[in-house]
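**Student:** The file below is model23.csv, CSV, C-alpha atoms:
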chain,number,residue,atom,x,y,z
A,1,MET,CA,50.6,-54.6,22.7
A,2,THR,CA,53.7,-52.5,21.9
A,3,ASP,CA,53.8,-48.8,22.6
A,4,GLN,CA,53.1,-47.8,19.1
A,5,TYR,CA,50.7,-45.0,18.4
A,6,PRO,CA,47.6,-46.6,16.8
A,7,GLN,CA,46.8,-45.2,13.4
A,8,ALA,CA,43.2,-44.1,13.0
A,9,THR,CA,41.3,-44.5,9.8
A,10,GLY,CA,40.0,-41.1,8.8
A,11,GLN,CA,41.7,-39.6,11.9
A,12,THR,CA,40.8,-36.0,12.8
A,13,ARG,CA,43.0,-33.8,14.9
A,14,PHE,CA,41.0,-31.7,17.3
A,15,GLU,CA,41.9,-28.2,18.5
A,16,TYR,CA,41.0,-27.5,22.1
A,17,THR,CA,40.3,-24.3,23.9
A,18,ALA,CA,40.9,-23.7,27.5
A,19,THR,CA,37.8,-24.5,29.6
A,20,THR,CA,37.1,-24.8,33.3
A,21,ALA,CA,34.0,-27.0,32.8
A,22,VAL,CA,34.5,-30.6,33.7
A,23,ILE,CA,32.2,-31.8,31.0
A,24,GLY,CA,34.3,-29.9,28.4
A,25,LYS,CA,37.5,-31.6,29.7
A,26,MET,CA,35.8,-35.0,29.6
A,27,PHE,CA,34.8,-34.4,26.0
A,28,ALA,CA,38.4,-33.3,25.2
A,29,VAL,CA,39.6,-36.6,26.5
A,30,LEU,CA,37.0,-38.7,24.6
A,31,ASP,CA,37.5,-36.7,21.4
A,32,HIS,CA,41.2,-37.3,21.5
A,33,VAL,CA,40.8,-41.1,22.0
A,34,ALA,CA,38.3,-41.2,19.2
A,35,ALA,CA,40.6,-39.3,16.9
A,36,ALA,CA,43.4,-41.7,17.8
A,37,GLY,CA,41.5,-44.6,16.5
A,38,GLY,CA,39.7,-45.5,19.7
A,39,GLN,CA,42.7,-46.0,22.0
A,40,SER,CA,45.4,-43.9,23.5
A,41,THR,CA,47.5,-43.5,26.7
A,42,LEU,CA,47.4,-41.1,29.6
A,43,ALA,CA,50.6,-39.4,28.4
A,44,ARG,CA,49.2,-39.0,24.9
A,45,ILE,CA,45.9,-37.7,26.2
A,46,ALA,CA,47.6,-35.1,28.3
A,47,ALA,CA,49.9,-34.0,25.4
A,48,ALA,CA,47.0,-33.7,22.9
A,49,THR,CA,44.5,-31.9,25.2
A,50,GLY,CA,46.9,-29.7,27.1
A,51,LEU,CA,45.4,-30.8,30.4
A,52,PRO,CA,47.7,-31.5,33.4
A,53,LYS,CA,48.4,-35.2,33.9
A,54,PRO,CA,46.8,-35.3,37.4
A,55,THR,CA,43.6,-33.8,35.8
A,56,VAL,CA,43.6,-36.4,33.0
A,57,HIS,CA,44.1,-39.2,35.6
A,58,ARG,CA,41.0,-38.1,37.5
A,59,LEU,CA,38.9,-37.7,34.4
A,60,VAL,CA,40.0,-41.1,33.1
A,61,LYS,CA,39.1,-42.7,36.4
A,62,ASP,CA,35.6,-41.2,36.3
A,63,LEU,CA,35.1,-42.1,32.6
A,64,LYS,CA,36.2,-45.7,33.3
A,65,SER,CA,33.7,-46.0,36.2
A,66,TRP,CA,30.9,-44.9,33.8
A,67,GLY,CA,32.0,-47.3,31.1
A,68,ALA,CA,33.0,-44.5,28.7
A,69,LEU,CA,36.6,-45.7,28.8
A,70,GLU,CA,38.2,-49.1,29.5
A,71,ALA,CA,41.7,-50.1,30.2
A,72,GLY,CA,43.8,-52.6,28.2
A,73,GLY,CA,47.3,-52.7,29.7
A,74,ASP,CA,48.8,-49.3,29.3
A,75,TRP,CA,46.2,-48.3,26.7
A,76,LEU,CA,42.8,-46.7,27.2
A,77,ARG,CA,40.0,-47.6,24.8
A,78,LEU,CA,36.6,-46.2,24.2
A,79,GLY,CA,34.1,-48.1,26.3
A,80,PRO,CA,30.9,-50.0,25.5
A,81,ARG,CA,28.7,-47.4,27.2
A,82,LEU,CA,29.4,-44.9,24.4
A,83,PHE,CA,28.3,-47.5,21.9
A,84,GLU,CA,25.1,-48.1,23.8
A,85,LEU,CA,24.3,-44.4,23.9
A,86,GLY,CA,25.2,-43.9,20.3
A,87,GLN,CA,22.7,-46.6,19.2
A,88,LEU,CA,19.9,-44.6,20.9
A,89,VAL,CA,20.4,-41.3,18.9
A,90,PRO,CA,17.0,-41.1,17.1
A,91,HIS,CA,18.2,-39.3,14.0
A,92,THR,CA,21.1,-41.6,13.3
A,93,ARG,CA,19.1,-44.7,14.2
A,94,ASN,CA,16.2,-43.8,11.9
A,95,LEU,CA,18.6,-43.0,9.0
A,96,ARG,CA,20.4,-46.3,9.4
A,97,SER,CA,17.2,-48.2,9.6
A,98,ALA,CA,15.8,-46.6,6.4
A,99,ALA,CA,19.1,-46.9,4.5
A,100,LEU,CA,20.3,-50.4,5.3
A,101,PRO,CA,18.0,-52.3,2.8
A,102,PHE,CA,19.1,-50.0,0.0
A,103,MET,CA,22.7,-50.2,1.0
A,104,GLN,CA,22.5,-54.0,0.9
A,105,ASP,CA,21.0,-53.8,-2.6
A,106,LEU,CA,23.8,-51.6,-3.7
A,107,TYR,CA,26.4,-54.0,-2.3
A,108,GLU,CA,24.8,-56.9,-4.1
A,109,ALA,CA,24.9,-55.0,-7.4
A,110,THR,CA,28.5,-53.8,-7.0
A,111,HIS,CA,30.3,-55.9,-4.4
A,112,GLU,CA,32.1,-52.7,-3.5
A,113,THR,CA,32.1,-50.6,-0.3
A,114,ILE,CA,28.9,-48.8,0.5
A,115,HIS,CA,28.8,-45.8,2.9
A,116,LEU,CA,26.2,-43.8,4.6
A,117,GLY,CA,27.4,-40.5,6.1
A,118,VAL,CA,26.2,-37.2,7.7
A,119,LEU,CA,27.8,-33.8,8.0
A,120,THR,CA,29.2,-32.7,11.4
A,121,GLY,CA,31.5,-29.7,11.9
A,122,GLY,CA,32.6,-29.7,8.3
A,123,HIS,CA,33.5,-33.4,8.3
A,124,VAL,CA,31.6,-36.5,7.0
A,125,VAL,CA,30.8,-38.9,9.9
A,126,TYR,CA,30.2,-42.4,8.6
A,127,ILE,CA,27.2,-43.9,10.4
A,128,GLU,CA,27.0,-47.1,8.4
A,129,LYS,CA,29.3,-49.1,6.1
A,130,ILE,CA,28.9,-52.3,4.2
A,131,THR,CA,31.9,-54.1,2.7
A,132,GLY,CA,33.0,-57.6,1.7
A,133,HIS,CA,36.0,-59.8,1.2
A,134,HIS,CA,36.5,-58.6,-2.4
A,135,SER,CA,35.8,-54.9,-1.7
A,136,GLY,CA,38.8,-52.5,-2.0
A,137,ALA,CA,40.4,-51.1,1.1
A,138,THR,CA,38.9,-47.7,2.3
A,139,PRO,CA,40.2,-45.3,4.9
A,140,THR,CA,36.9,-45.2,6.7
A,141,ARG,CA,35.1,-46.8,9.6
A,142,VAL,CA,31.7,-46.4,11.2
A,143,GLY,CA,32.0,-43.4,13.5
A,144,GLY,CA,35.1,-42.2,11.7
A,145,ARG,CA,35.4,-38.8,10.0
A,146,MET,CA,36.8,-37.5,6.7
A,147,PRO,CA,37.1,-33.9,5.5
A,148,ALA,CA,33.9,-33.2,3.6
A,149,PRO,CA,35.5,-31.4,0.5
A,150,TYR,CA,37.6,-34.5,-0.2
A,151,THR,CA,34.8,-37.0,-0.3
A,152,GLY,CA,31.9,-37.8,-2.6
A,153,ILE,CA,29.4,-37.8,0.3
A,154,GLY,CA,30.8,-34.6,1.6
A,155,LYS,CA,30.3,-32.9,-1.7
A,156,VAL,CA,26.7,-34.0,-2.0
A,157,LEU,CA,26.0,-32.7,1.5
A,158,LEU,CA,27.7,-29.4,1.0
A,159,ALA,CA,26.1,-28.8,-2.4
A,160,TYR,CA,22.7,-28.1,-0.8
A,161,LEU,CA,23.9,-26.0,2.1
A,162,PRO,CA,24.5,-22.3,2.5
A,163,GLY,CA,27.9,-20.8,1.7
A,164,ASP,CA,28.9,-20.3,5.3
A,165,ALA,CA,28.6,-24.1,5.9
A,166,VAL,CA,30.9,-24.7,2.9
A,167,ASP,CA,33.4,-22.1,4.3
A,168,VAL,CA,33.4,-24.1,7.6
A,169,ALA,CA,34.1,-27.3,5.8
A,170,VAL,CA,37.0,-25.7,3.8
A,171,ARG,CA,38.6,-24.4,7.0
A,172,ALA,CA,38.2,-27.8,8.7
A,173,ALA,CA,39.5,-29.8,5.9
A,174,GLY,CA,43.2,-29.4,6.6
A,175,PRO,CA,46.0,-30.1,4.1
A,176,PRO,CA,45.0,-31.9,0.9
A,177,ARG,CA,45.1,-35.7,1.3
A,178,THR,CA,46.1,-36.4,-2.3
A,179,PRO,CA,47.2,-34.4,-5.4
A,180,THR,CA,43.6,-34.3,-6.6
A,181,SER,CA,42.0,-33.1,-3.3
A,182,ILE,CA,40.0,-30.0,-3.9
A,183,SER,CA,41.5,-27.4,-1.5
A,184,SER,CA,40.4,-24.2,-3.4
A,185,ARG,CA,37.2,-22.6,-2.3
A,186,ASP,CA,36.5,-21.5,-5.9
A,187,VAL,CA,37.1,-24.9,-7.4
A,188,LEU,CA,35.0,-26.5,-4.7
A,189,SER,CA,32.1,-24.0,-5.5
A,190,GLN,CA,32.3,-25.1,-9.2
A,191,ALA,CA,32.3,-28.8,-8.2
A,192,LEU,CA,29.2,-28.2,-5.9
A,193,ALA,CA,27.4,-26.5,-8.7
A,194,THR,CA,28.0,-29.5,-10.9
A,195,VAL,CA,26.6,-31.7,-8.1
A,196,ARG,CA,23.4,-29.8,-8.1
A,197,GLU,CA,23.0,-30.0,-11.8
A,198,ARG,CA,23.9,-33.7,-12.0
A,199,GLY,CA,22.5,-35.0,-8.7
A,200,VAL,CA,25.7,-37.0,-7.8
A,201,ALA,CA,29.2,-36.3,-6.8
A,202,PHE,CA,32.4,-38.1,-7.5
A,203,ASP,CA,35.6,-38.7,-5.5
A,204,GLN,CA,38.4,-39.1,-8.0
A,205,GLU,CA,41.2,-40.3,-5.7
A,206,GLU,CA,40.7,-37.2,-3.5
A,207,SER,CA,40.4,-38.9,-0.1
A,208,GLN,CA,42.9,-41.6,-0.8
A,209,PRO,CA,45.2,-42.5,-3.8
A,210,GLY,CA,43.6,-45.3,-5.8
A,211,LEU,CA,40.1,-44.9,-4.3
A,212,VAL,CA,37.1,-43.5,-6.3
A,213,CYS,CA,33.4,-43.3,-5.6
A,214,VAL,CA,30.1,-41.9,-6.6
A,215,ALA,CA,27.7,-40.5,-4.1
A,216,ALA,CA,24.1,-39.2,-4.0
A,217,PRO,CA,22.2,-37.0,-1.5
A,218,VAL,CA,19.5,-38.3,0.8
A,219,PHE,CA,16.7,-35.8,1.4
A,220,ASP,CA,14.1,-35.8,4.3
A,221,ARG,CA,10.4,-35.2,4.0
A,222,ALA,CA,10.9,-31.5,4.1
A,223,GLY,CA,13.4,-31.6,1.2
A,224,ALA,CA,16.5,-30.9,3.3
A,225,VAL,CA,19.6,-33.0,2.7
A,226,VAL,CA,20.3,-35.2,5.7
A,227,ALA,CA,22.8,-37.8,4.5
A,228,GLY,CA,24.8,-39.0,1.6
A,229,LEU,CA,25.0,-42.5,0.2
A,230,SER,CA,28.0,-43.7,-1.8
A,231,VAL,CA,29.7,-46.6,-3.6
A,232,ALA,CA,33.5,-46.7,-3.5
A,233,GLY,CA,36.1,-49.0,-5.0
A,234,PRO,CA,39.6,-49.2,-6.4
A,235,ALA,CA,40.4,-46.9,-9.3
A,236,GLY,CA,41.8,-49.6,-11.5
A,237,ARG,CA,38.8,-51.8,-11.3
A,238,PHE,CA,35.8,-49.7,-10.3
A,239,THR,CA,34.2,-47.2,-12.7
A,240,PRO,CA,31.9,-44.9,-10.6
A,241,ALA,CA,29.9,-43.5,-13.5
A,242,ARG,CA,28.6,-47.0,-14.2
A,243,PHE,CA,26.7,-46.9,-10.9
A,244,GLU,CA,25.4,-43.3,-11.0
A,245,ALA,CA,21.9,-44.5,-11.6
A,246,ALA,CA,22.1,-47.2,-9.0
A,247,VAL,CA,23.2,-44.9,-6.2
A,248,LEU,CA,20.6,-42.3,-7.2
A,249,THR,CA,17.9,-44.9,-7.1
A,250,ALA,CA,19.0,-46.1,-3.7
A,251,ALA,CA,19.1,-42.6,-2.3
A,252,HIS,CA,15.6,-41.9,-3.6
A,253,GLY,CA,14.5,-45.2,-2.0
A,254,VAL,CA,15.8,-44.0,1.4
A,255,ARG,CA,14.0,-40.7,0.9
A,256,ARG,CA,10.7,-42.5,0.3
A,257,THR,CA,11.2,-44.6,3.4
A,258,LEU,CA,11.9,-41.5,5.5
A,259,ARG,CA,8.8,-39.7,4.1
A,260,ALA,CA,6.6,-42.7,4.9
A,261,ALA,CA,7.9,-42.9,8.5
A,262,PRO,CA,5.7,-41.3,11.2
A,263,ALA,CA,6.6,-37.7,11.8
A,264,GLY,CA,9.1,-37.5,14.7
A,265,GLY,CA,9.7,-41.2,14.4
For the file at hand, write its structure as structure tokens.
**Tutor:**
Amino acid sequence: MTDQYPQATGQTRFEYTATTAVIGKMFAVLDHVAAAGGQSTLARIAAATGLPKPTVHRLVKDLKSWGALEAGGDWLRLGPRLFELGQLVPHTRNLRSAALPFMQDLYEATHETIHLGVLTGGHVVYIEKITGHHSGATPTRVGGRMPAPYTGIGKVLLAYLPGDAVDVAVRAAGPPRTPTSISSRDVLSQALATVRERGVAFDQEESQPGLVCVAAPVFDRAGAVVAGLSVAGPAGRFTPARFEAAVLTAAHGVRRTLRAAPAGG
């Protein structure tokens, strides 16, 4: 592998504050590697986190011994232990289990890319994705992040949250990704009001040029929005409004499944 910085899909740049806690430094290392697309080098980790190289070397050694990182030549990659732990997170596991049958139905109806995402720190984190050979390219991956205001899923999640949560997402979004990205708080507020009225949100080439989507919220048994479900495809071929009813039906199906599940399950 050549020494070329790996390009992440949905890459997020993290800001680190000084900390003396070892666990904080370890998470700084892991967050950087995740944001770099799942692999990086010692030098890049030190530069991104601001940690001294000897400290990074010690942390990496420990993380490798626990299976959180693994080496591949000069590169360091996220290790399988993180995948194992991630599969055991109850909230994410239950959401994926409830949503997958409806995501598969949506894929069969559209043959486009289907996403399931949750909101974390003002970003959408994708916890499941279904795509096929004929689906359009999307800048997303399972475990990847995208700024919430620039995505359909992000907008359906933000639409039902307090204003301070929307403020966090606007600050975390960073520069607009395309000419149509909503970077104004006032414009975003108007868009979220429309989402609440219509029940769905659209991404009109806001996250990536040429990509459009329609998304619907997934509510839990208490009526709180817990995830978003979307169908995305190329702007020249895919008309999101055609599948508004389909994505709403799928989201309602996920909600019914969550409501039927044992409490705390």
**Student:** Given the choices A:Ala48, A:Leu63, A:Ile153, A:Ala148, which gets closest to Asp167 of chain A if the distance is worked out from only C-alpha atoms?
**Tutor:**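 Result for the nearest residue to Asp167 of chain A: A:Ala148.
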**Student:** Between atom CA of His252 of chain A and atom CA of Leu119 of chain A, measure the distance and give it in Å to one decimal.
**Tutor:**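 Distance between the two atoms: 18.7 Å.
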**Student:** Which distance in Å separates atom CA of Arg221 of chain A and atom CA of Leu161 of chain A, to one decimal?
**Tutor:**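 Between atom CA of Arg221 of chain A and atom CA of Leu161 of chain A the gap works out to 16.4 Å.
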**Student:** With all atoms listed in the file as the counted atoms, please give the residues lying no more than 8 Å from Val254 of chain A, apart from itself and same-chain residues fewer than 5 positions off, as a ChimeraX atom specification.
**Tutor:** /A:98-99,102,218
**Student:** Select, from A:Arg141, A:His115, A:Lys25, A:Arg77, the residue with the minimum atom-to-atom distance to Pro52 of chain A, counting all atoms listed in the file.
**Tutor:**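 Under the stated criterion, the closest residue is A:Lys25.
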**Student:** For Gln104 of chain A, list every protein, DNA or RNA residue within 10 Å, evaluated using all atoms listed in the file, and leave out those in the same chain fewer than 6 positions away; present the list as a ChimeraX atom specification.
**Tutor:** /A:110-111,114,129-131,250
**Student:** List the spatial neighbours of Trp75 of chain A as a PyMOL selection string - criterion: any atom at most 6 Å away, all atoms listed in the file, same-chain residues fewer than 3 positions off excluded.
**Tutor:** chain A and resi 40-41+71-72
**Student:** If we count all atoms listed in the file and set the cut-off at 12 Å, which residues sit around His134 of chain A, ignoring sequence neighbours fewer than 4 positions away in its own chain? Please answer as a ChimeraX atom specification.
**Tutor:** /A:107-108,110-113,130,233-234,237-238
**Student:** Cys213 of chain A: which residues within 8 Å, counting all atoms listed in the file, same-chain residues fewer than 2 positions away excluded, as a VMD selection string?
**Tutor:** chain A and resid 152 202 to 204 211 215 230 to 233 240
**Student:** Closest to Leu95 of chain A among A:Ala191, A:Leu116, A:Val125, A:Ala109, using all atoms listed in the file?
**Tutor:**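 Closest to Leu95 of chain A of all the choices is A:Leu116.
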**Student:** Could you jot down the atom CA of Thr92 of chain A to atom CA of Glu205 of chain A separation for me, Å, one decimal place?
**Tutor:** 27.7 Å
**Student:** With distances taken over all atoms listed in the file, which residue among A:Arg93, A:Arg81, A:Arg177, A:Arg256 lies nearest Lys64 of chain A?
**Tutor:**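 The answer is A:Arg81, which sits nearest to Lys64 of chain A.
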**Student:** Name the closest residue to Ala235 of chain A among the candidates A:Val33, A:Gln208, A:Ala251, A:Ala260; distances are taken between atoms, counting only C-alpha atoms.
**Tutor:**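 Result for the nearest residue to Ala235 of chain A: A:Gln208.
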**Student:** Here's a test: counting only C-alpha atoms, identify every protein, DNA and RNA residue with an atom at most 9 Å from (32.4, -49.0, 12.6) in the file's coordinate frame, and state them as a PDB file with C-alpha atoms, in the coordinates of the input.
**Tutor:**
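Output saved as out-v2.pdb:
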ATOM      1  CA  TYR A 126      30.200 -42.400   8.600  1.00  0.00           C
ATOM      2  CA  ILE A 127      27.200 -43.900  10.400  1.00  0.00           C
ATOM      3  CA  GLU A 128      27.000 -47.100   8.400  1.00  0.00           C
ATOM      4  CA  LYS A 129      29.300 -49.100   6.100  1.00  0.00           C
ATOM      5  CA  THR A 140      36.900 -45.200   6.700  1.00  0.00           C
ATOM      6  CA  ARG A 141      35.100 -46.800   9.600  1.00  0.00           C
ATOM      7  CA  VAL A 142      31.700 -46.400  11.200  1.00  0.00           C
ATOM      8  CA  GLY A 143      32.000 -43.400  13.500  1.00  0.00           C
ATOM      9  CA  GLY A 144      35.100 -42.200  11.700  1.00  0.00           C
TER      10      GLY A 144
END
